[in-house]
Amino acid sequence: MAGISAELALTVAAIVDGGSLDAAARTLNITPSAVSQRLKALEQQLGQVLIVRAKPALATAAGEAVVRMARQVALLEHETLAALGLDAAGARVSVPLAVNADSMATWFLAPLSRLAERLDIDFDLHRDDQNFTARLLESGEVMAAVTSEATPVTGCSVTPLGIFRYDAVATPRFVDRWFAEGINVEALRRAPFVDFDRRDSLQHTWLQSYGLDEHGIPRHYVPASHDFAEAVLLGLGWGMLPSPQATAAVASGSLIHLGGEPVRVPLYWQQWNLRSTLLDDIAREVGAEAARVLD
């Protein structure tokens with residue numbers, strides 16, 4: 001079997017990124033018919049379906065492998081042209097990264113801003129829970145990720161970033177209403193809390209330290225990091241906030257620490273195991289910021 005054409009692989013990646021053959025055609029400046037012909041040619045060559053024709057179009061497991069190859073080829077091509085001094089036209093490279101919402105809201109954007117000041121680079125950020133960002137590496141959607149997974153994804157390297165600490169907090173008014181007689185098991189069974197989404201386990205972990213299961217306890221779902229903090233600040237429920245946010249709000253008198261053990265989440269940086277100057281540069285900048293901010 002002949003090797004996979006970079007052009008065909010990049011076409012598959014464009015379909016996945018755009019969500020449709022039409023969107024890929026606009027990105028590649030070719031007709032939708034040409035995109036369809038390229039996709040069909042590669043599927044016939046490999047003998048496997050690469051794209052699920054849905055809305056949006058989705059990669060199969062085989063398609064994910066092709067997308068991963070396409071992104072690696074594009075990155076290495078960019079770095080090769082730069083090394084040869086052939087990037088004078090101002091060609092930019094897009095780097096997709098995965099990060100959890102709380103890191104994005106508190107510390108992750110600062111190192112990216114510094115990188116963007118000195119490099120011709122566009123960041124394509126994918127937000128997910130830290131327990132699930134590694135999946136985006138496996139699928140080829142991203143080149144690197146902030147994750148809670150210490151075990152490296154196949155084809156990736158892993159570096160510890162530090163510990164992200166969360167504290168249980170609530171407004172003084174909320175505490176007066178629900179915890180007038182102190183933080184105890186009976187009060188915690190009645191007091192509503194705020195969950196980020198149905199995969200968020202931070203509040204559940206804190207409740208478990210009191211011997212409580214979260215099932216049956218009232219809760220509000222607020223699936224955005226800024227809005228989650230705002231919901232806690234408005235007294236909608238108690239919640240686990242990143243330590244920098246919690247400390248500032250407690251110092252201002254807006255929130256009160258509920259006590260108990262903080263929830264500590266170890267974070268890691270996983271990236272494709274390529275000889276890439278750009279990815280290594282990103283890793284250094286992200287790691288330096290994490291060393292300043294995380295425990």
# chains A, B, ... in the order shown; residues from 1 in each chain; ligands from 1
>>> residues_around(residues="Ser103 in chain A", least_positions_apart="6", cutoff="10 Å", atoms="only C-alpha atoms", output="ChimeraX atom specification")
/A:109,127,130,146,164,225,242,267,290,294
>>> residues_around(residues="range 226-229 of chain A", least_positions_apart="4", cutoff="10 Å", atoms="only C-alpha atoms", output="PyMOL selection string")
chain A and resi 101-102+105-106+194-197+220-222+233-234+236-242+245-246+249
>>> residues_around(residues="range 9-24 of chain A", least_positions_apart="4", cutoff="7 Å", atoms="only C-alpha atoms", output="list in words")
Ser5, Leu28, Pro32, Val35, Ser36, Leu39, Lys55, Pro56, Ala57, Leu58, Ala59, Val66, Val67 and Ala70 of chain A
>>> atom_distance(atom1="CA of Leu112 in chain A", atom2="CA of Val286 in chain A")
7.6 Å
>>> residues_around(residues="Gln72 in chain A", least_positions_apart="6", cutoff="10 Å", atoms="only C-alpha atoms", output="MDAnalysis selection string")
chainID A and resid 66 78 140 143 272 274 276
>>> write_last_selection(atoms="N, CA, C and O atoms", output="PDB file, in the first residue's frame")
ATOM      1  N   VAL A  66      -5.727   9.576  11.112  1.00  0.00           N
ATOM      2  CA  VAL A  66      -5.343  10.373   9.945  1.00  0.00           C
ATOM      3  C   VAL A  66      -5.270  11.858  10.309  1.00  0.00           C
ATOM      4  O   VAL A  66      -4.353  12.572   9.881  1.00  0.00           O
ATOM      5  N   HIS A  78       5.722  23.632   8.962  1.00  0.00           N
ATOM      6  CA  HIS A  78       5.900  25.011   9.401  1.00  0.00           C
ATOM      7  C   HIS A  78       7.291  25.222   9.995  1.00  0.00           C
ATOM      8  O   HIS A  78       7.965  26.206   9.684  1.00  0.00           O
ATOM      9  N   GLY A 140      -6.600  13.257  18.174  1.00  0.00           N
ATOM     10  CA  GLY A 140      -5.868  14.094  17.238  1.00  0.00           C
ATOM     11  C   GLY A 140      -6.409  15.501  17.125  1.00  0.00           C
ATOM     12  O   GLY A 140      -5.906  16.304  16.341  1.00  0.00           O
ATOM     13  N   MET A 143      -2.868  19.161  20.007  1.00  0.00           N
ATOM     14  CA  MET A 143      -1.464  18.772  20.032  1.00  0.00           C
ATOM     15  C   MET A 143      -0.931  18.628  21.451  1.00  0.00           C
ATOM     16  O   MET A 143       0.070  17.943  21.675  1.00  0.00           O
ATOM     17  N   TRP A 272       2.234  15.878  22.097  1.00  0.00           N
ATOM     18  CA  TRP A 272       2.719  14.890  21.140  1.00  0.00           C
ATOM     19  C   TRP A 272       4.220  14.717  21.295  1.00  0.00           C
ATOM     20  O   TRP A 272       4.962  15.690  21.459  1.00  0.00           O
ATOM     21  N   LEU A 274       6.859  14.655  19.630  1.00  0.00           N
ATOM     22  CA  LEU A 274       7.538  15.020  18.387  1.00  0.00           C
ATOM     23  C   LEU A 274       8.756  15.883  18.707  1.00  0.00           C
ATOM     24  O   LEU A 274       8.803  16.544  19.744  1.00  0.00           O
ATOM     25  N   SER A 276       9.644  18.936  18.205  1.00  0.00           N
ATOM     26  CA  SER A 276       9.027  20.180  17.774  1.00  0.00           C
ATOM     27  C   SER A 276       9.496  21.326  18.659  1.00  0.00           C
ATOM     28  O   SER A 276       9.200  21.368  19.859  1.00  0.00           O
TER      29      SER A 276
END
>>> select_by_dssp(residues="range 29-237 of chain A", states="strand (DSSP E or B)", output="ChimeraX atom specification")
/A:51-52,58-59,93-99,121-127,144-147,156-170,193-195,219-221
>>> residues_around(residues="range 204-211 of chain A", least_positions_apart="5", cutoff="12 Å", atoms="only C-alpha atoms", output="ChimeraX atom specification")
/A:165-169,183-189,191-199,216-217,219,238-241,258-265
>>> residues_around(residues="Val73 in chain A", least_positions_apart="4", cutoff="8 Å", atoms="only C-alpha atoms", output="list in words")
Ala6, Met69 and Glu77 of chain A
>>> select_by_dssp(residues="range 23-166 of chain A", states="alpha helix (DSSP H)", output="ChimeraX atom specification")
/A:23-28,32-46,61-83,101-103,109-118,133-139
